[in-house]
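J.: Below is run-v1.csv; it holds CSV, C-alpha atoms.
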```csv
chain,number,residue,atom,x,y,z
O,1,GLU,CA,-14.2,-0.1,-21.9
O,2,PRO,CA,-15.5,0.6,-18.4
O,3,GLU,CA,-17.1,3.9,-17.9
O,4,VAL,CA,-18.7,6.1,-15.3
O,5,THR,CA,-22.5,6.5,-15.9
O,6,GLN,CA,-24.7,9.2,-14.6
O,7,THR,CA,-28.5,9.7,-14.3
O,8,PRO,CA,-30.4,11.7,-15.1
O,9,SER,CA,-28.8,13.4,-18.0
O,10,HIS,CA,-30.9,16.5,-17.5
O,11,GLN,CA,-33.1,17.5,-14.6
O,12,VAL,CA,-35.3,20.6,-14.3
O,13,THR,CA,-36.5,21.5,-10.8
O,14,GLN,CA,-38.1,24.3,-8.9
O,15,MET,CA,-36.1,26.4,-6.4
O,16,GLY,CA,-36.3,24.9,-3.0
O,17,GLN,CA,-36.8,21.3,-4.2
O,18,GLU,CA,-34.6,18.4,-3.4
O,19,VAL,CA,-32.6,16.8,-6.1
O,20,ILE,CA,-30.6,13.5,-6.2
O,21,LEU,CA,-28.1,12.9,-8.9
O,22,ARG,CA,-26.9,9.4,-9.4
O,23,CYS,CA,-23.6,7.9,-10.5
O,24,VAL,CA,-22.3,4.4,-11.1
O,25,PRO,CA,-18.5,4.6,-10.9
O,26,ILE,CA,-16.1,2.2,-12.6
O,27,SER,CA,-16.5,-1.1,-10.6
O,28,ASN,CA,-12.9,-1.6,-9.2
O,29,HIS,CA,-12.3,2.1,-8.4
O,30,LEU,CA,-12.1,3.2,-4.8
O,31,TYR,CA,-12.2,7.0,-5.0
O,32,PHE,CA,-15.3,8.9,-6.0
O,33,TYR,CA,-15.8,12.6,-6.7
O,34,TRP,CA,-18.3,15.2,-7.7
O,35,TYR,CA,-17.4,18.2,-9.7
O,36,ARG,CA,-19.6,20.9,-11.2
O,37,GLN,CA,-19.4,23.2,-14.1
O,38,ILE,CA,-21.5,26.3,-14.5
O,39,LEU,CA,-22.1,27.0,-18.1
O,40,GLY,CA,-19.0,28.5,-19.8
O,41,GLN,CA,-16.9,28.3,-16.7
O,42,LYS,CA,-14.3,25.9,-15.3
O,43,VAL,CA,-14.8,22.6,-13.7
O,44,GLU,CA,-14.9,23.0,-9.9
O,45,PHE,CA,-14.2,20.4,-7.3
O,46,LEU,CA,-17.1,19.7,-4.9
O,47,VAL,CA,-16.2,16.6,-2.8
O,48,SER,CA,-14.2,13.4,-2.7
O,49,PHE,CA,-15.4,10.2,-1.1
O,50,TYR,CA,-13.4,7.2,0.0
O,51,ASN,CA,-14.0,4.3,2.3
O,52,ASN,CA,-17.6,5.4,2.9
O,53,GLU,CA,-16.7,8.9,4.1
O,54,ILE,CA,-15.9,12.3,2.7
O,55,SER,CA,-12.2,12.8,2.4
O,56,GLU,CA,-12.3,16.4,1.3
O,57,LYS,CA,-14.9,19.0,0.4
O,58,SER,CA,-14.8,22.4,-1.1
O,59,GLU,CA,-16.3,25.6,0.1
O,60,ILE,CA,-19.1,25.1,-2.4
O,61,PHE,CA,-20.1,21.9,-0.7
O,62,ASP,CA,-22.2,23.4,2.1
O,63,ASP,CA,-24.8,21.9,4.4
O,64,GLN,CA,-27.3,21.7,1.4
O,65,PHE,CA,-25.1,19.1,-0.2
O,66,SER,CA,-24.6,15.5,0.8
O,67,VAL,CA,-23.2,12.4,-0.7
O,68,GLU,CA,-23.9,8.8,-0.2
O,69,ARG,CA,-22.9,5.4,-1.4
O,70,PRO,CA,-26.1,3.5,-0.6
O,71,ASP,CA,-25.0,0.2,-2.1
O,72,GLY,CA,-21.9,-1.3,-3.7
O,73,SER,CA,-22.3,0.4,-7.0
O,74,ASN,CA,-24.2,3.7,-6.7
O,75,PHE,CA,-22.8,7.1,-5.6
O,76,THR,CA,-25.3,9.9,-5.1
O,77,LEU,CA,-25.2,13.6,-4.7
O,78,LYS,CA,-28.1,15.2,-3.0
O,79,ILE,CA,-29.0,18.9,-2.9
O,80,ARG,CA,-31.5,19.4,-0.2
O,81,SER,CA,-33.0,22.7,-1.2
O,82,THR,CA,-31.9,23.9,-4.6
O,83,LYS,CA,-31.1,27.5,-5.4
O,84,LEU,CA,-30.9,29.2,-8.7
O,85,GLU,CA,-27.2,29.3,-8.5
O,86,ASP,CA,-27.1,25.5,-8.3
O,87,SER,CA,-27.9,25.4,-12.0
O,88,ALA,CA,-24.9,23.7,-13.5
O,89,MET,CA,-23.5,20.5,-15.1
O,90,TYR,CA,-22.6,18.0,-12.3
O,91,PHE,CA,-19.9,15.5,-13.1
O,92,CYS,CA,-19.2,12.3,-11.2
O,93,ALA,CA,-15.7,10.9,-11.5
O,94,SER,CA,-13.8,8.0,-10.1
O,95,SER,CA,-10.2,6.9,-9.8
O,96,GLY,CA,-8.2,4.0,-8.5
O,97,PRO,CA,-7.7,1.2,-7.6
O,98,GLU,CA,-4.2,2.0,-6.4
O,99,LYS,CA,-4.0,4.1,-3.4
O,100,PHE,CA,-1.5,6.5,-5.0
O,101,THR,CA,-1.9,6.5,-8.8
O,102,ASN,CA,0.8,7.8,-10.9
O,103,THR,CA,-1.2,9.5,-13.7
O,104,GLY,CA,-3.6,11.8,-12.0
O,105,GLU,CA,-6.3,10.5,-14.2
O,106,LEU,CA,-9.9,10.8,-13.2
O,107,PHE,CA,-12.6,9.1,-15.2
O,108,PHE,CA,-15.6,11.4,-15.7
O,109,GLY,CA,-19.1,10.6,-16.5
O,110,GLU,CA,-21.1,12.5,-19.1
O,111,GLY,CA,-22.7,14.7,-16.5
O,112,SER,CA,-26.1,15.6,-15.2
O,113,ARG,CA,-27.4,19.0,-16.2
O,114,LEU,CA,-29.4,20.6,-13.4
O,115,THR,CA,-31.6,23.5,-14.2
O,116,VAL,CA,-33.2,25.3,-11.2
O,117,LEU,CA,-36.2,27.6,-12.0
P,118,GLY,CA,-5.5,28.9,-2.5
P,119,GLN,CA,-4.9,27.6,-6.0
P,120,SER,CA,-5.2,29.4,-9.3
P,121,LEU,CA,-4.5,28.3,-12.9
P,122,GLU,CA,-4.5,30.6,-15.8
P,123,GLN,CA,-4.9,29.8,-19.5
P,124,PRO,CA,-5.7,31.8,-22.6
P,125,SER,CA,-9.4,31.9,-23.1
P,126,GLU,CA,-9.4,31.2,-26.8
P,127,VAL,CA,-7.0,30.0,-29.5
P,128,THR,CA,-7.6,29.7,-33.2
P,129,ALA,CA,-5.5,27.6,-35.7
P,130,VAL,CA,-5.9,26.0,-39.1
P,131,GLU,CA,-6.2,22.4,-39.9
P,132,GLY,CA,-2.7,20.7,-40.0
P,133,ALA,CA,-1.0,23.3,-38.0
P,134,ILE,CA,0.6,23.1,-34.5
P,135,VAL,CA,-0.8,24.9,-31.5
P,136,GLN,CA,0.4,25.4,-28.0
P,137,ILE,CA,-1.9,26.1,-25.0
P,138,ASN,CA,-0.1,27.5,-22.0
P,139,CYS,CA,-1.0,27.1,-18.3
P,140,THR,CA,0.5,29.0,-15.4
P,141,TYR,CA,-0.4,28.0,-11.9
P,142,GLN,CA,0.0,29.0,-8.3
P,143,THR,CA,-0.7,26.2,-5.9
P,144,SER,CA,0.3,24.3,-2.8
P,145,GLY,CA,0.6,20.6,-2.6
P,146,PHE,CA,1.6,20.2,-6.2
P,147,TYR,CA,2.1,16.6,-7.5
P,148,GLY,CA,1.6,17.1,-11.2
P,149,LEU,CA,-0.2,18.8,-14.1
P,150,SER,CA,-2.9,17.1,-16.1
P,151,TRP,CA,-4.6,18.1,-19.3
P,152,TYR,CA,-8.2,17.3,-20.2
P,153,GLN,CA,-10.2,17.8,-23.3
P,154,GLN,CA,-13.9,18.7,-23.2
P,155,HIS,CA,-16.3,18.8,-26.2
P,156,ASP,CA,-19.3,21.0,-25.9
P,157,GLY,CA,-19.8,20.5,-22.2
P,158,GLY,CA,-19.4,16.8,-22.3
P,159,ALA,CA,-17.3,14.7,-20.1
P,160,PRO,CA,-13.7,15.9,-19.6
P,161,THR,CA,-11.4,13.3,-21.0
P,162,PHE,CA,-7.8,12.8,-19.9
P,163,LEU,CA,-5.1,13.7,-22.4
P,164,SER,CA,-1.7,13.8,-20.6
P,165,TYR,CA,0.1,14.2,-17.3
P,166,ASN,CA,3.4,15.6,-16.2
P,167,ALA,CA,4.8,14.9,-12.7
P,168,LEU,CA,8.4,15.8,-13.6
P,169,ASP,CA,9.9,18.6,-15.7
P,170,GLY,CA,10.1,17.9,-19.3
P,171,LEU,CA,8.1,16.8,-22.3
P,172,GLU,CA,5.6,13.9,-22.4
P,173,GLU,CA,4.5,12.7,-25.8
P,174,THR,CA,1.3,10.9,-26.6
P,175,GLY,CA,0.6,10.6,-30.3
P,176,ARG,CA,-0.3,14.0,-31.7
P,177,PHE,CA,-0.4,15.5,-28.2
P,178,SER,CA,2.6,16.5,-26.1
P,179,SER,CA,2.7,18.2,-22.7
P,180,PHE,CA,5.5,20.1,-21.0
P,181,LEU,CA,6.1,21.0,-17.4
P,182,SER,CA,8.5,23.3,-15.7
P,183,ARG,CA,8.0,23.1,-11.9
P,184,SER,CA,10.5,25.9,-11.2
P,185,ASP,CA,8.5,28.3,-13.4
P,186,SER,CA,5.0,26.9,-12.4
P,187,TYR,CA,4.3,26.6,-16.0
P,188,GLY,CA,3.2,24.0,-18.5
P,189,TYR,CA,1.8,23.7,-22.0
P,190,LEU,CA,-0.1,21.3,-24.2
P,191,LEU,CA,1.1,21.0,-27.7
P,192,LEU,CA,-1.2,19.7,-30.4
P,193,GLN,CA,0.3,18.7,-33.7
P,194,GLU,CA,-1.4,18.0,-37.1
P,195,LEU,CA,-4.5,19.7,-36.0
P,196,GLN,CA,-7.8,18.2,-37.1
P,197,MET,CA,-11.3,19.6,-37.1
P,198,LYS,CA,-12.3,17.2,-34.3
P,199,ASP,CA,-9.7,18.8,-32.0
P,200,SER,CA,-12.0,21.8,-31.7
P,201,ALA,CA,-12.9,21.7,-28.0
P,202,SER,CA,-12.0,23.2,-24.7
P,203,TYR,CA,-8.8,22.2,-23.1
P,204,PHE,CA,-8.2,22.4,-19.3
P,205,CYS,CA,-5.0,22.1,-17.4
P,206,ALA,CA,-5.5,20.8,-13.9
P,207,VAL,CA,-3.2,20.6,-10.9
P,208,ARG,CA,-3.1,17.3,-9.2
P,209,SER,CA,-2.9,17.1,-5.4
P,210,ILE,CA,-3.0,14.0,-3.2
P,211,LEU,CA,-5.8,13.7,-0.7
P,212,THR,CA,-5.3,12.4,2.8
P,213,GLY,CA,-5.9,8.7,2.6
P,214,GLY,CA,-5.2,8.6,-1.1
P,215,GLY,CA,-7.0,9.5,-4.3
P,216,ASN,CA,-6.5,12.6,-6.4
P,217,LYS,CA,-7.9,16.0,-6.3
P,218,LEU,CA,-7.8,18.0,-9.5
P,219,THR,CA,-8.0,21.8,-9.5
P,220,PHE,CA,-8.9,22.9,-13.0
P,221,GLY,CA,-7.8,26.0,-14.9
P,222,THR,CA,-10.0,28.4,-16.6
P,223,GLY,CA,-10.0,26.5,-19.9
P,224,THR,CA,-9.0,27.3,-23.5
P,225,GLN,CA,-11.4,27.1,-26.3
P,226,LEU,CA,-9.6,25.8,-29.4
P,227,LYS,CA,-11.1,26.5,-32.8
P,228,VAL,CA,-9.7,24.7,-35.7
P,229,GLU,CA,-10.5,26.2,-39.1
P,230,LEU,CA,-10.1,24.9,-42.6
```
Translate the structure described by the file into structure tokens.
T.:
Amino acid sequence: EPEVTQTPSHQVTQMGQEVILRCVPISNHLYFYWYRQILGQKVEFLVSFYNNEISEKSEIFDDQFSVERPDGSNFTLKIRSTKLEDSAMYFCASSGPEKFTNTGELFFGEGSRLTVL
Amino acid sequence: GQSLEQPSEVTAVEGAIVQINCTYQTSGFYGLSWYQQHDGGAPTFLSYNALDGLEETGRFSSFLSRSDSYGYLLLQELQMKDSASYFCAVRSILTGGGNKLTFGTGTQLKVEL
């Protein structure tokens, strides 16, 4: 069964460093998302991406964050200068291929745990 | 803004039936989804309601009342493996297509022998 894959599974970094989290969405999906979950809290929407551009972003997704689809398969989230409060699990998700799906189902990866020291 | 409220924790015994409620305040509502998450792993899709009423998928059922901004997930014949966090999520449609999910606060379900 197709799945969303994410790397790394866990990354530890120093405050102020740049981090890139990588995702390979399901191959025929068209819509890509990043969510994050601080330990013990709810899953929060960060950004959605379609047709090589951001379609919506949350208040959390400030200028320190960026997303990119550098080739036909990868989808990356970059945090330019990490802060302590960026420590969280980051989930990539994809949906599609229909423009308007009827189930509201997103397919999530296993997540990348980011620890900022 | 959008907000979804769920009980923080529910405990039940194996074989029992449990109901997890979700109330929401939101704009641009297209439906209510339910996701299961084990120990911080990937959220996995369980069920979805776009219209009022009950949707049944095996041991899991989900209900929606749009007029009451309320839904619930019903888990029957509970098994130990059902111990997990359960999140309701409001679906909204993004400009240009695709779905945005706004998640609730999550309910930790503990199934005991």
J.: Write down, as a list in words, each residue of chain O that has any atom within 7 Å of an atom of chain P, counting all atoms listed in the file.
T.: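 Applying the cut-off to the listed atoms yields Tyr31, Gln41, Lys42, Val43, Glu44, Phe45, Ser55, Ser95, Lys99, Phe100, Thr103, Gly104, Glu105, Phe108, Gly109, Glu110 and Gly111 of chain O.
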J.: Report, in Å with one decimal, the straight-line distance from atom CA of P:Val127 to atom CA of P:Lys227.
T.: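 Result for atom CA of P:Val127 versus atom CA of P:Lys227: 6.3 Å, one decimal.
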J.: Between atom CA of P:Leu168 and atom CA of O:Ser94, what distance in Å does the model show, to one decimal?
T.: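 Between these atoms lies a distance of 23.8 Å.
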J.: I need the residue nearest O:Asp62 from this list: O:Leu106, O:Leu39, O:Ile26, O:Leu46. Use all atoms listed in the file for the distance.
T.: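 Going through O:Leu106, O:Leu39, O:Ile26, O:Leu46 one by one, the smallest distance to O:Asp62 is for O:Leu46.
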J.: Once you count all atoms listed in the file, which residues end up no further than 10 Å from (2.0, 27.0, -3.2) in the file's frame, shown as an MDAnalysis selection string?
T.: chainID P and resid 118:120 141:146 186
J.: In Å, rounded to a single decimal, give me how far atom CA of O:Glu53 is from atom CA of O:Cys23.
T.: 16.2 Å
J.: Please check which residues have atoms at most 9 Å from (-8.3, 25.4, -25.6) in the file's coordinates, counting only C-alpha atoms, and write them as an NGL selection string.
T.: :P and (123-128 or 137 or 153 or 200-204 or 223-227)
J.: Residues of the last selection are to be written out with C-alpha atoms, as an mmCIF file, keeping the file's coordinate frame.
T.:
```
data_model
loop_
_atom_site.group_PDB
_atom_site.id
_atom_site.type_symbol
_atom_site.label_atom_id
_atom_site.label_comp_id
_atom_site.auth_asym_id
_atom_site.auth_seq_id
_atom_site.Cartn_x
_atom_site.Cartn_y
_atom_site.Cartn_z
ATOM 1 C CA GLN P 123 -4.900 29.800 -19.500
ATOM 2 C CA PRO P 124 -5.700 31.800 -22.600
ATOM 3 C CA SER P 125 -9.400 31.900 -23.100
ATOM 4 C CA GLU P 126 -9.400 31.200 -26.800
ATOM 5 C CA VAL P 127 -7.000 30.000 -29.500
ATOM 6 C CA THR P 128 -7.600 29.700 -33.200
ATOM 7 C CA ILE P 137 -1.900 26.100 -25.000
ATOM 8 C CA GLN P 153 -10.200 17.800 -23.300
ATOM 9 C CA SER P 200 -12.000 21.800 -31.700
ATOM 10 C CA ALA P 201 -12.900 21.700 -28.000
ATOM 11 C CA SER P 202 -12.000 23.200 -24.700
ATOM 12 C CA TYR P 203 -8.800 22.200 -23.100
ATOM 13 C CA PHE P 204 -8.200 22.400 -19.300
ATOM 14 C CA GLY P 223 -10.000 26.500 -19.900
ATOM 15 C CA THR P 224 -9.000 27.300 -23.500
ATOM 16 C CA GLN P 225 -11.400 27.100 -26.300
ATOM 17 C CA LEU P 226 -9.600 25.800 -29.400
ATOM 18 C CA LYS P 227 -11.100 26.500 -32.800
#
```
J.: Do you know which residues are at most 12 Å from O:Phe61 counting all atoms listed in the file, after dropping those on the same chain fewer than 2 positions away, and could you put them as a list in words?
T.: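 Non-adjacent residues within range: Tyr33, Trp34, Tyr35, Arg36, Glu44, Phe45, Leu46, Val47, Ser48, Ile54, Glu56, Lys57, Ser58, Glu59, Asp63, Gln64, Phe65, Ser66, Val67, Leu77, Lys78, Ile79, Arg80 and Asp86 of chain O.
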J.: What's the 12 Å shell around O:Met15, counting all atoms listed in the file, without same-chain residues fewer than 2 positions away, as a list in words?
T.: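 These residues fall inside the cut-off: Val12, Thr13, Gln17, Glu18, Val19, Ile79, Arg80, Ser81, Thr82, Lys83, Leu84, Glu85, Asp86, Ser87, Leu114, Thr115, Val116 and Leu117 of chain O.
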J.: For O:Thr7, list every protein, DNA or RNA residue within 7 Å, evaluated using all atoms listed in the file, and leave out those in the same chain fewer than 5 positions away; present the list as a list of chain:residue names.
T.: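 Using all atoms listed in the file, the neighbours found are O:Leu21, O:Arg22, O:Cys23, O:Ser112.
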J.: Please dump the current selection as a PDB file, in the coordinates of the input; keep C-alpha atoms.
T.:
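This went into selection-v6.pdb:
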```pdb
ATOM      1  CA  LEU O  21     -28.100  12.900  -8.900  1.00  0.00           C
ATOM      2  CA  ARG O  22     -26.900   9.400  -9.400  1.00  0.00           C
ATOM      3  CA  CYS O  23     -23.600   7.900 -10.500  1.00  0.00           C
ATOM      4  CA  SER O 112     -26.100  15.600 -15.200  1.00  0.00           C
TER       5      SER O 112
END
```
J.: Could you check the closest approach to O:Asp71 for each of O:Asn52, O:Pro8, O:Cys92, O:Pro2 and tell me which residue wins, using all atoms listed in the file?
T.: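 Closest to O:Asp71, using all atoms listed in the file: O:Asn52.
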J.: Since the input is missing atoms, can you rebuild all heavy atoms for stretch 188-199 of chain P and write them as a compact mmCIF listing (two decimals), keeping the file's coordinate frame?
T.:
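Result file is rebuild-v2.txt:
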```txt
# COMPACT_ATOMS: atom_id res chain seq x y z
N GLY P 188 3.27 25.14 -17.61
CA GLY P 188 3.20 24.00 -18.50
C GLY P 188 2.47 24.35 -19.76
O GLY P 188 1.86 25.44 -19.87
N TYR P 189 2.56 23.49 -20.74
CA TYR P 189 1.80 23.70 -22.00
C TYR P 189 1.41 22.38 -22.58
O TYR P 189 2.02 21.33 -22.33
CB TYR P 189 2.54 24.59 -22.96
CG TYR P 189 3.82 24.02 -23.55
CD1 TYR P 189 3.80 22.99 -24.49
CD2 TYR P 189 5.06 24.57 -23.20
CE1 TYR P 189 4.98 22.50 -25.04
CE2 TYR P 189 6.24 24.09 -23.75
CZ TYR P 189 6.20 23.05 -24.66
OH TYR P 189 7.37 22.57 -25.20
N LEU P 190 0.37 22.45 -23.38
CA LEU P 190 -0.10 21.30 -24.20
C LEU P 190 0.17 21.68 -25.63
O LEU P 190 -0.17 22.78 -26.08
CB LEU P 190 -1.60 21.09 -23.96
CG LEU P 190 -2.24 19.97 -24.76
CD1 LEU P 190 -1.73 18.61 -24.26
CD2 LEU P 190 -3.75 20.04 -24.65
N LEU P 191 0.79 20.77 -26.34
CA LEU P 191 1.10 21.00 -27.70
C LEU P 191 0.31 20.01 -28.59
O LEU P 191 0.34 18.80 -28.35
CB LEU P 191 2.62 20.75 -27.98
CG LEU P 191 3.20 21.23 -29.30
CD1 LEU P 191 3.27 22.75 -29.32
CD2 LEU P 191 4.59 20.64 -29.51
N LEU P 192 -0.44 20.53 -29.52
CA LEU P 192 -1.20 19.70 -30.40
C LEU P 192 -0.68 19.85 -31.82
O LEU P 192 -0.60 20.95 -32.35
CB LEU P 192 -2.71 20.13 -30.39
CG LEU P 192 -3.46 20.01 -29.08
CD1 LEU P 192 -3.30 21.23 -28.20
CD2 LEU P 192 -4.95 19.74 -29.34
N GLN P 193 -0.32 18.74 -32.40
CA GLN P 193 0.30 18.70 -33.70
C GLN P 193 -0.75 18.19 -34.74
O GLN P 193 -1.71 17.49 -34.39
CB GLN P 193 1.53 17.89 -33.76
CG GLN P 193 2.58 18.37 -32.75
CD GLN P 193 3.85 17.55 -32.82
OE1 GLN P 193 4.61 17.65 -33.78
NE2 GLN P 193 4.09 16.75 -31.80
N GLU P 194 -0.51 18.53 -36.01
CA GLU P 194 -1.40 18.00 -37.10
C GLU P 194 -2.83 18.19 -36.77
O GLU P 194 -3.61 17.23 -36.78
CB GLU P 194 -1.04 16.55 -37.39
CG GLU P 194 0.41 16.31 -37.79
CD GLU P 194 0.73 14.82 -37.90
OE1 GLU P 194 -0.20 13.99 -37.96
OE2 GLU P 194 1.94 14.51 -37.91
N LEU P 195 -3.19 19.42 -36.46
CA LEU P 195 -4.50 19.70 -36.00
C LEU P 195 -5.60 19.16 -36.95
O LEU P 195 -5.47 19.26 -38.18
CB LEU P 195 -4.74 21.19 -35.81
CG LEU P 195 -4.17 21.81 -34.54
CD1 LEU P 195 -4.34 23.31 -34.56
CD2 LEU P 195 -4.83 21.22 -33.30
N GLN P 196 -6.65 18.64 -36.34
CA GLN P 196 -7.80 18.20 -37.10
C GLN P 196 -9.04 18.91 -36.60
O GLN P 196 -9.07 19.43 -35.49
CB GLN P 196 -7.98 16.64 -36.87
CG GLN P 196 -6.75 15.83 -37.28
CD GLN P 196 -6.88 14.36 -36.94
OE1 GLN P 196 -7.95 13.89 -36.53
NE2 GLN P 196 -5.79 13.62 -37.09
N MET P 197 -10.06 18.92 -37.44
CA MET P 197 -11.30 19.60 -37.10
C MET P 197 -11.85 19.10 -35.76
O MET P 197 -12.40 19.85 -34.95
CB MET P 197 -12.33 19.50 -38.19
CG MET P 197 -11.92 20.16 -39.49
SD MET P 197 -11.68 21.93 -39.32
CE MET P 197 -13.38 22.45 -39.04
N LYS P 198 -11.71 17.80 -35.54
CA LYS P 198 -12.30 17.20 -34.30
C LYS P 198 -11.54 17.64 -33.05
O LYS P 198 -12.01 17.37 -31.94
CB LYS P 198 -12.22 15.67 -34.41
CG LYS P 198 -10.81 15.09 -34.40
CD LYS P 198 -10.83 13.58 -34.45
CE LYS P 198 -9.43 12.99 -34.37
NZ LYS P 198 -9.45 11.50 -34.41
N ASP P 199 -10.41 18.32 -33.22
CA ASP P 199 -9.70 18.80 -32.00
C ASP P 199 -10.33 20.11 -31.50
O ASP P 199 -9.93 20.58 -30.43
CB ASP P 199 -8.22 19.11 -32.40
CG ASP P 199 -7.45 17.85 -32.79
OD1 ASP P 199 -7.79 16.77 -32.26
OD2 ASP P 199 -6.54 17.96 -33.64
```
